[in-house]
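Novice: Below is the file target_24.csv, with CSV, N, CA and C atoms.
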```
chain,number,residue,atom,x,y,z
J,13,MET,N,-21.2,20.2,25.6
J,13,MET,CA,-22.4,19.7,26.2
J,13,MET,C,-22.0,18.4,26.9
J,14,SER,N,-22.0,18.3,28.2
J,14,SER,CA,-21.6,17.1,28.9
J,14,SER,C,-22.8,16.4,29.4
J,15,GLN,N,-22.6,15.0,29.4
J,15,GLN,CA,-23.7,14.2,29.8
J,15,GLN,C,-23.1,13.2,30.8
J,16,ILE,N,-23.9,12.8,31.7
J,16,ILE,CA,-23.5,11.8,32.7
J,16,ILE,C,-24.0,10.4,32.2
J,17,ILE,N,-23.0,9.5,32.2
J,17,ILE,CA,-23.3,8.1,31.7
J,17,ILE,C,-23.5,7.2,32.9
J,18,ASN,N,-24.7,6.6,33.0
J,18,ASN,CA,-25.0,5.7,34.1
J,18,ASN,C,-24.6,4.3,33.8
J,19,LEU,N,-23.6,3.8,34.6
J,19,LEU,CA,-23.0,2.5,34.4
J,19,LEU,C,-23.6,1.5,35.3
J,20,THR,N,-24.5,1.9,36.2
J,20,THR,CA,-25.1,1.0,37.2
J,20,THR,C,-26.1,0.0,36.6
J,21,ASN,N,-26.6,0.4,35.4
J,21,ASN,CA,-27.6,-0.5,34.8
J,21,ASN,C,-27.0,-1.6,33.9
J,22,LEU,N,-25.7,-1.6,33.8
J,22,LEU,CA,-25.0,-2.6,33.0
J,22,LEU,C,-25.1,-4.0,33.7
J,23,PRO,N,-25.3,-5.1,32.9
J,23,PRO,CA,-25.3,-6.4,33.5
J,23,PRO,C,-23.9,-6.7,34.1
J,24,GLU,N,-23.9,-7.6,35.1
J,24,GLU,CA,-22.6,-7.9,35.8
J,24,GLU,C,-21.6,-8.5,34.9
J,25,ASN,N,-22.0,-9.3,33.9
J,25,ASN,CA,-21.0,-10.0,33.0
J,25,ASN,C,-20.4,-9.0,32.0
J,26,ALA,N,-20.9,-7.8,31.8
J,26,ALA,CA,-20.4,-6.9,30.8
J,26,ALA,C,-18.9,-6.6,31.0
J,27,TYR,N,-18.5,-6.4,32.3
J,27,TYR,CA,-17.1,-6.1,32.6
J,27,TYR,C,-16.2,-7.3,32.2
J,28,LYS,N,-16.7,-8.5,32.5
J,28,LYS,CA,-15.9,-9.7,32.2
J,28,LYS,C,-15.7,-9.9,30.7
J,29,LYS,N,-16.7,-9.5,29.9
J,29,LYS,CA,-16.5,-9.6,28.4
J,29,LYS,C,-15.4,-8.7,28.0
J,30,VAL,N,-15.4,-7.4,28.5
J,30,VAL,CA,-14.4,-6.5,28.1
J,30,VAL,C,-13.0,-6.9,28.5
J,31,ILE,N,-12.9,-7.4,29.7
J,31,ILE,CA,-11.6,-7.9,30.2
J,31,ILE,C,-11.1,-9.1,29.4
J,32,SER,N,-12.0,-10.0,29.1
J,32,SER,CA,-11.6,-11.2,28.3
J,32,SER,C,-11.1,-10.9,26.9
J,33,ILE,N,-11.8,-9.9,26.3
J,33,ILE,CA,-11.4,-9.4,25.0
J,33,ILE,C,-9.9,-8.9,25.0
J,34,ARG,N,-9.6,-8.1,26.1
J,34,ARG,CA,-8.3,-7.5,26.2
J,34,ARG,C,-7.2,-8.6,26.5
J,35,ILE,N,-7.6,-9.5,27.3
J,35,ILE,CA,-6.6,-10.6,27.6
J,35,ILE,C,-6.3,-11.5,26.4
J,36,ASN,N,-7.4,-11.8,25.6
J,36,ASN,CA,-7.2,-12.8,24.5
J,36,ASN,C,-6.7,-12.1,23.3
J,37,SER,N,-6.6,-10.8,23.2
J,37,SER,CA,-6.2,-10.2,21.9
J,37,SER,C,-4.7,-10.3,21.8
J,38,PRO,N,-4.2,-10.5,20.6
J,38,PRO,CA,-2.7,-10.7,20.4
J,38,PRO,C,-2.0,-9.4,20.8
J,39,LYS,N,-0.8,-9.6,21.4
J,39,LYS,CA,-0.1,-8.4,21.8
J,39,LYS,C,0.7,-7.8,20.7
J,40,HIS,N,1.3,-8.7,19.8
J,40,HIS,CA,2.1,-8.2,18.7
J,40,HIS,C,1.6,-8.9,17.5
J,41,SER,N,1.4,-8.2,16.4
J,41,SER,CA,1.1,-8.8,15.1
J,41,SER,C,2.3,-8.8,14.3
J,42,THR,N,2.5,-9.8,13.5
J,42,THR,CA,3.6,-9.9,12.6
J,42,THR,C,3.3,-9.1,11.3
J,43,PRO,N,4.2,-8.1,11.0
J,43,PRO,CA,3.9,-7.3,9.8
J,43,PRO,C,4.2,-8.1,8.5
J,44,TYR,N,3.4,-7.9,7.5
J,44,TYR,CA,3.6,-8.6,6.2
J,44,TYR,C,4.6,-7.8,5.4
J,45,VAL,N,5.6,-8.6,4.9
J,45,VAL,CA,6.7,-8.0,4.1
J,45,VAL,C,6.6,-8.7,2.7
J,46,ASP,N,6.4,-7.9,1.7
J,46,ASP,CA,6.3,-8.4,0.4
J,46,ASP,C,7.7,-8.4,-0.2
J,47,THR,N,7.8,-9.2,-1.3
J,47,THR,CA,9.1,-9.3,-1.9
J,47,THR,C,9.1,-8.7,-3.4
J,48,TYR,N,10.2,-8.5,-3.9
J,48,TYR,CA,10.3,-8.0,-5.3
J,48,TYR,C,9.7,-9.0,-6.2
J,49,GLU,N,10.1,-10.3,-6.0
J,49,GLU,CA,9.6,-11.4,-6.9
J,49,GLU,C,8.1,-11.5,-6.9
J,50,GLU,N,7.5,-11.4,-5.7
J,50,GLU,CA,6.1,-11.5,-5.5
J,50,GLU,C,5.4,-10.3,-6.2
J,51,ASN,N,5.9,-9.1,-6.1
J,51,ASN,CA,5.3,-8.0,-6.8
J,51,ASN,C,5.4,-8.1,-8.3
J,52,LEU,N,6.6,-8.6,-8.7
J,52,LEU,CA,6.8,-8.8,-10.2
J,52,LEU,C,5.8,-9.8,-10.7
J,53,ASN,N,5.6,-10.9,-10.0
J,53,ASN,CA,4.6,-11.9,-10.5
J,53,ASN,C,3.2,-11.4,-10.5
J,54,ILE,N,2.9,-10.5,-9.5
J,54,ILE,CA,1.5,-9.9,-9.5
J,54,ILE,C,1.4,-9.0,-10.7
J,55,LEU,N,2.4,-8.2,-11.0
J,55,LEU,CA,2.3,-7.4,-12.2
J,55,LEU,C,2.2,-8.2,-13.5
J,56,ILE,N,3.0,-9.3,-13.6
J,56,ILE,CA,2.9,-10.1,-14.8
J,56,ILE,C,1.5,-10.8,-15.0
J,57,SER,N,0.9,-11.2,-13.8
J,57,SER,CA,-0.4,-11.8,-13.9
J,57,SER,C,-1.5,-10.8,-14.2
J,58,LYS,N,-1.3,-9.6,-13.7
J,58,LYS,CA,-2.3,-8.6,-13.9
J,58,LYS,C,-2.2,-7.9,-15.3
J,59,TYR,N,-1.0,-7.8,-15.8
J,59,TYR,CA,-0.7,-7.2,-17.1
J,59,TYR,C,0.2,-8.1,-17.9
J,60,PRO,N,-0.4,-9.3,-18.4
J,60,PRO,CA,0.5,-10.3,-19.0
J,60,PRO,C,1.2,-9.8,-20.3
J,61,MET,N,0.6,-8.9,-21.0
J,61,MET,CA,1.1,-8.4,-22.3
J,61,MET,C,1.9,-7.1,-22.2
J,62,VAL,N,2.1,-6.6,-21.0
J,62,VAL,CA,2.7,-5.3,-20.8
J,62,VAL,C,4.0,-5.4,-20.2
J,63,THR,N,5.0,-4.8,-20.9
J,63,THR,CA,6.4,-4.8,-20.3
J,63,THR,C,6.8,-3.4,-19.9
J,64,LEU,N,6.3,-2.4,-20.6
J,64,LEU,CA,6.5,-1.0,-20.3
J,64,LEU,C,5.3,-0.3,-20.0
J,65,PHE,N,5.3,0.4,-18.8
J,65,PHE,CA,4.1,1.1,-18.3
J,65,PHE,C,4.2,2.6,-18.5
J,66,ASP,N,3.1,3.2,-18.8
J,66,ASP,CA,3.1,4.7,-18.8
J,66,ASP,C,2.9,5.2,-17.4
J,67,LEU,N,3.2,6.5,-17.2
J,67,LEU,CA,3.1,7.1,-15.9
J,67,LEU,C,1.8,7.1,-15.3
J,68,LYS,N,0.7,7.2,-16.1
J,68,LYS,CA,-0.6,7.2,-15.6
J,68,LYS,C,-1.0,5.8,-14.9
J,69,THR,N,-0.6,4.8,-15.6
J,69,THR,CA,-0.8,3.4,-15.0
J,69,THR,C,0.0,3.2,-13.7
J,70,ILE,N,1.2,3.7,-13.7
J,70,ILE,CA,2.0,3.5,-12.5
J,70,ILE,C,1.4,4.3,-11.3
J,71,ALA,N,0.9,5.5,-11.6
J,71,ALA,CA,0.2,6.3,-10.6
J,71,ALA,C,-1.0,5.5,-10.0
J,72,GLN,N,-1.8,4.8,-10.9
J,72,GLN,CA,-2.9,4.1,-10.4
J,72,GLN,C,-2.5,2.9,-9.6
J,73,GLU,N,-1.4,2.2,-10.0
J,73,GLU,CA,-1.0,1.0,-9.3
J,73,GLU,C,-0.4,1.4,-7.9
J,74,LEU,N,0.2,2.5,-7.8
J,74,LEU,CA,0.8,2.9,-6.6
J,74,LEU,C,-0.2,3.8,-5.7
J,75,SER,N,-1.4,4.0,-6.2
J,75,SER,CA,-2.4,4.7,-5.6
J,75,SER,C,-1.9,6.1,-5.2
J,76,THR,N,-1.3,6.8,-6.2
J,76,THR,CA,-0.8,8.1,-6.0
J,76,THR,C,-1.2,9.0,-7.2
J,77,SER,N,-0.7,10.2,-7.2
J,77,SER,CA,-1.1,11.1,-8.3
J,77,SER,C,-0.1,11.0,-9.4
J,78,TYR,N,-0.6,11.3,-10.6
J,78,TYR,CA,0.3,11.4,-11.8
J,78,TYR,C,1.4,12.4,-11.6
J,79,GLU,N,1.1,13.5,-11.0
J,79,GLU,CA,2.1,14.6,-10.8
J,79,GLU,C,3.2,14.1,-9.9
J,80,PHE,N,2.9,13.3,-8.8
J,80,PHE,CA,3.9,12.8,-8.0
J,80,PHE,C,4.9,11.9,-8.7
J,81,ILE,N,4.3,11.0,-9.6
J,81,ILE,CA,5.1,10.1,-10.4
J,81,ILE,C,6.0,10.9,-11.4
J,82,ARG,N,5.4,11.9,-12.0
J,82,ARG,CA,6.1,12.7,-13.0
J,82,ARG,C,7.3,13.4,-12.3
J,83,ARG,N,7.0,14.0,-11.2
J,83,ARG,CA,8.1,14.7,-10.4
J,83,ARG,C,9.2,13.7,-10.0
J,84,SER,N,8.8,12.5,-9.6
J,84,SER,CA,9.8,11.5,-9.1
J,84,SER,C,10.7,11.1,-10.3
J,85,THR,N,10.1,11.0,-11.5
J,85,THR,CA,10.9,10.7,-12.7
J,85,THR,C,11.9,11.8,-13.0
J,86,GLU,N,11.5,13.0,-12.9
J,86,GLU,CA,12.4,14.2,-13.1
J,86,GLU,C,13.5,14.3,-12.1
J,87,GLN,N,13.2,13.8,-10.9
J,87,GLN,CA,14.2,13.9,-9.8
J,87,GLN,C,15.1,12.6,-9.9
J,88,GLY,N,14.8,11.7,-10.7
J,88,GLY,CA,15.6,10.5,-10.9
J,88,GLY,C,15.3,9.4,-9.9
J,89,LYS,N,14.2,9.5,-9.1
J,89,LYS,CA,13.8,8.5,-8.2
J,89,LYS,C,13.2,7.3,-8.8
J,90,ILE,N,12.6,7.5,-10.0
J,90,ILE,CA,12.1,6.4,-10.8
J,90,ILE,C,12.8,6.4,-12.2
J,91,ARG,N,13.3,5.3,-12.5
J,91,ARG,CA,14.1,5.2,-13.8
J,91,ARG,C,13.1,5.0,-14.9
J,92,VAL,N,13.3,5.8,-16.0
J,92,VAL,CA,12.4,5.8,-17.1
J,92,VAL,C,13.2,5.6,-18.4
J,93,LYS,N,12.4,5.1,-19.4
J,93,LYS,CA,12.9,5.0,-20.8
J,93,LYS,C,12.1,5.9,-21.6
J,94,TYR,N,12.6,6.3,-22.7
J,94,TYR,CA,11.8,7.1,-23.6
J,94,TYR,C,11.5,6.4,-24.9
J,95,ILE,N,10.2,6.5,-25.3
J,95,ILE,CA,9.8,6.0,-26.6
J,95,ILE,C,9.3,7.3,-27.3
J,96,GLY,N,10.2,7.8,-28.2
J,96,GLY,CA,9.9,9.1,-28.7
J,96,GLY,C,10.0,10.1,-27.6
J,97,LYS,N,9.0,10.9,-27.3
J,97,LYS,CA,9.0,11.8,-26.2
J,97,LYS,C,8.2,11.2,-25.0
J,98,LYS,N,7.6,10.1,-25.2
J,98,LYS,CA,6.8,9.5,-24.1
J,98,LYS,C,7.7,8.7,-23.1
J,99,LYS,N,7.5,9.0,-21.8
J,99,LYS,CA,8.2,8.3,-20.7
J,99,LYS,C,7.5,7.0,-20.4
J,100,VAL,N,8.2,6.0,-20.3
J,100,VAL,CA,7.7,4.7,-19.9
J,100,VAL,C,8.6,4.0,-18.9
J,101,VAL,N,8.1,3.1,-18.1
J,101,VAL,CA,8.8,2.5,-17.0
J,101,VAL,C,8.7,1.0,-17.2
J,102,HIS,N,9.8,0.3,-17.1
J,102,HIS,CA,9.9,-1.1,-17.2
J,102,HIS,C,9.2,-1.8,-16.0
J,103,ARG,N,8.5,-2.9,-16.2
J,103,ARG,CA,7.8,-3.6,-15.1
J,103,ARG,C,8.7,-4.0,-13.9
J,104,GLY,N,9.9,-4.2,-14.2
J,104,GLY,CA,10.9,-4.5,-13.1
J,104,GLY,C,11.0,-3.3,-12.2
J,105,GLU,N,11.0,-2.1,-12.7
J,105,GLU,CA,11.1,-0.9,-12.0
J,105,GLU,C,9.8,-0.6,-11.2
J,106,VAL,N,8.7,-1.0,-11.8
J,106,VAL,CA,7.4,-0.8,-11.1
J,106,VAL,C,7.4,-1.8,-9.9
J,107,ALA,N,7.8,-3.0,-10.1
J,107,ALA,CA,7.9,-4.0,-9.0
J,107,ALA,C,8.8,-3.5,-7.9
J,108,ARG,N,9.9,-2.8,-8.3
J,108,ARG,CA,10.8,-2.3,-7.2
J,108,ARG,C,10.1,-1.2,-6.5
J,109,LEU,N,9.3,-0.3,-7.2
J,109,LEU,CA,8.6,0.7,-6.5
J,109,LEU,C,7.5,0.2,-5.6
J,110,LEU,N,6.8,-0.9,-6.0
J,110,LEU,CA,5.9,-1.5,-5.1
J,110,LEU,C,6.5,-2.1,-3.9
J,111,THR,N,7.7,-2.6,-4.0
J,111,THR,CA,8.4,-3.2,-2.9
J,111,THR,C,9.0,-2.2,-2.0
J,112,GLU,N,9.8,-1.3,-2.5
J,112,GLU,CA,10.6,-0.3,-1.7
J,112,GLU,C,9.9,1.0,-1.5
J,113,GLY,N,9.0,1.4,-2.4
J,113,GLY,CA,8.4,2.7,-2.4
J,113,GLY,C,9.3,3.7,-3.0
J,114,VAL,N,8.8,4.9,-3.1
J,114,VAL,CA,9.6,6.1,-3.7
J,114,VAL,C,10.1,6.9,-2.5
J,115,SER,N,11.4,7.0,-2.4
J,115,SER,CA,11.9,7.8,-1.3
J,115,SER,C,12.6,9.1,-1.8
```
Show me, as structure tokens, the structure contained in the file I just sent.

Specialist:
Amino acid sequence: MSQIINLTNLPENAYKKVISIRINSPKHSTPYVDTYEENLNILISKYPMVTLFDLKTIAQELSTSYEFIRRSTEQGKIRVKYIGKKKVVHRGEVARLLTEGVS
């Protein structure tokens, strides 16, 4: 369904506003780059008494699924330690994941 838009009723300064917005907008934005130390400090402040994280908590922190984290540990992309049969990950490794991601 097509419609015709009538632009003749627009005020004269409407075009000037659009042009000034495009001229004044920044051409390039500087991307934010986080560091390992920054992510480690965030984890320590958020979880002051936790050194070893379970896979469920890591999935929540990385905003991903538990299954993705579990498969990544089996493929060796995430270093794990075992406490009994339970897989846990040191907070340094979690900070690395936050900084570098899982590839």

Novice: Counting all atoms listed in the file, which residues in segment 32-98 of chain J sit no more than 7 Å from segment 105-113 of chain J? For each one, give the nearest pair of atoms and the distance in Å, sorted by chain then residue number, as CSV.

Specialist:
```
residue,atom,partner,partner_atom,distance
J:Asp46,C,J:Thr111,CA,5.9
J:Thr47,C,J:Thr111,CA,5.6
J:Tyr48,CA,J:Ala107,C,5.4
J:Asn51,C,J:Ala107,CA,4.9
J:Leu52,N,J:Ala107,CA,4.8
J:Leu74,CA,J:Leu110,CA,6.9
J:Arg91,N,J:Glu105,CA,6.6
```

Novice: State, in Å with one decimal place, the distance from atom C of Leu55 of chain J to atom CA of Arg103 of chain J.

Specialist: 7.4 Å

Novice: Let me make sure I understand: among J:Asn21, J:Ile16, J:Pro43, J:Leu64, which one has the smallest atom-to-atom distance to Lys99 of chain J if we use only N, CA and C atoms?

Specialist: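 Of J:Asn21, J:Ile16, J:Pro43, J:Leu64, the one nearest Lys99 of chain J, counting only N, CA and C atoms, is J:Leu64.
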
Novice: What is the atom CA of Glu86 of chain J-atom CA of Ser57 of chain J distance in Å, reported with one decimal?

Specialist: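 Spanning atom CA of Glu86 of chain J to atom CA of Ser57 of chain J is a straight-line distance of 29.0 Å.
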
Novice: Identify the residues within 7 Å of coordinate (11.1, 7.6, -5.1) (same frame as the file), considering only C-alpha atoms, and give the answer as a PDB file with N, CA and C atoms, keeping the file's coordinate frame.

Specialist:
```pdb
ATOM      1  N   SER J  84       8.800  12.500  -9.600  1.00  0.00           N
ATOM      2  CA  SER J  84       9.800  11.500  -9.100  1.00  0.00           C
ATOM      3  C   SER J  84      10.700  11.100 -10.300  1.00  0.00           C
ATOM      4  N   LYS J  89      14.200   9.500  -9.100  1.00  0.00           N
ATOM      5  CA  LYS J  89      13.800   8.500  -8.200  1.00  0.00           C
ATOM      6  C   LYS J  89      13.200   7.300  -8.800  1.00  0.00           C
ATOM      7  N   ILE J  90      12.600   7.500 -10.000  1.00  0.00           N
ATOM      8  CA  ILE J  90      12.100   6.400 -10.800  1.00  0.00           C
ATOM      9  C   ILE J  90      12.800   6.400 -12.200  1.00  0.00           C
ATOM     10  N   GLY J 113       9.000   1.400  -2.400  1.00  0.00           N
ATOM     11  CA  GLY J 113       8.400   2.700  -2.400  1.00  0.00           C
ATOM     12  C   GLY J 113       9.300   3.700  -3.000  1.00  0.00           C
ATOM     13  N   VAL J 114       8.800   4.900  -3.100  1.00  0.00           N
ATOM     14  CA  VAL J 114       9.600   6.100  -3.700  1.00  0.00           C
ATOM     15  C   VAL J 114      10.100   6.900  -2.500  1.00  0.00           C
ATOM     16  N   SER J 115      11.400   7.000  -2.400  1.00  0.00           N
ATOM     17  CA  SER J 115      11.900   7.800  -1.300  1.00  0.00           C
ATOM     18  C   SER J 115      12.600   9.100  -1.800  1.00  0.00           C
TER      19      SER J 115
END
```
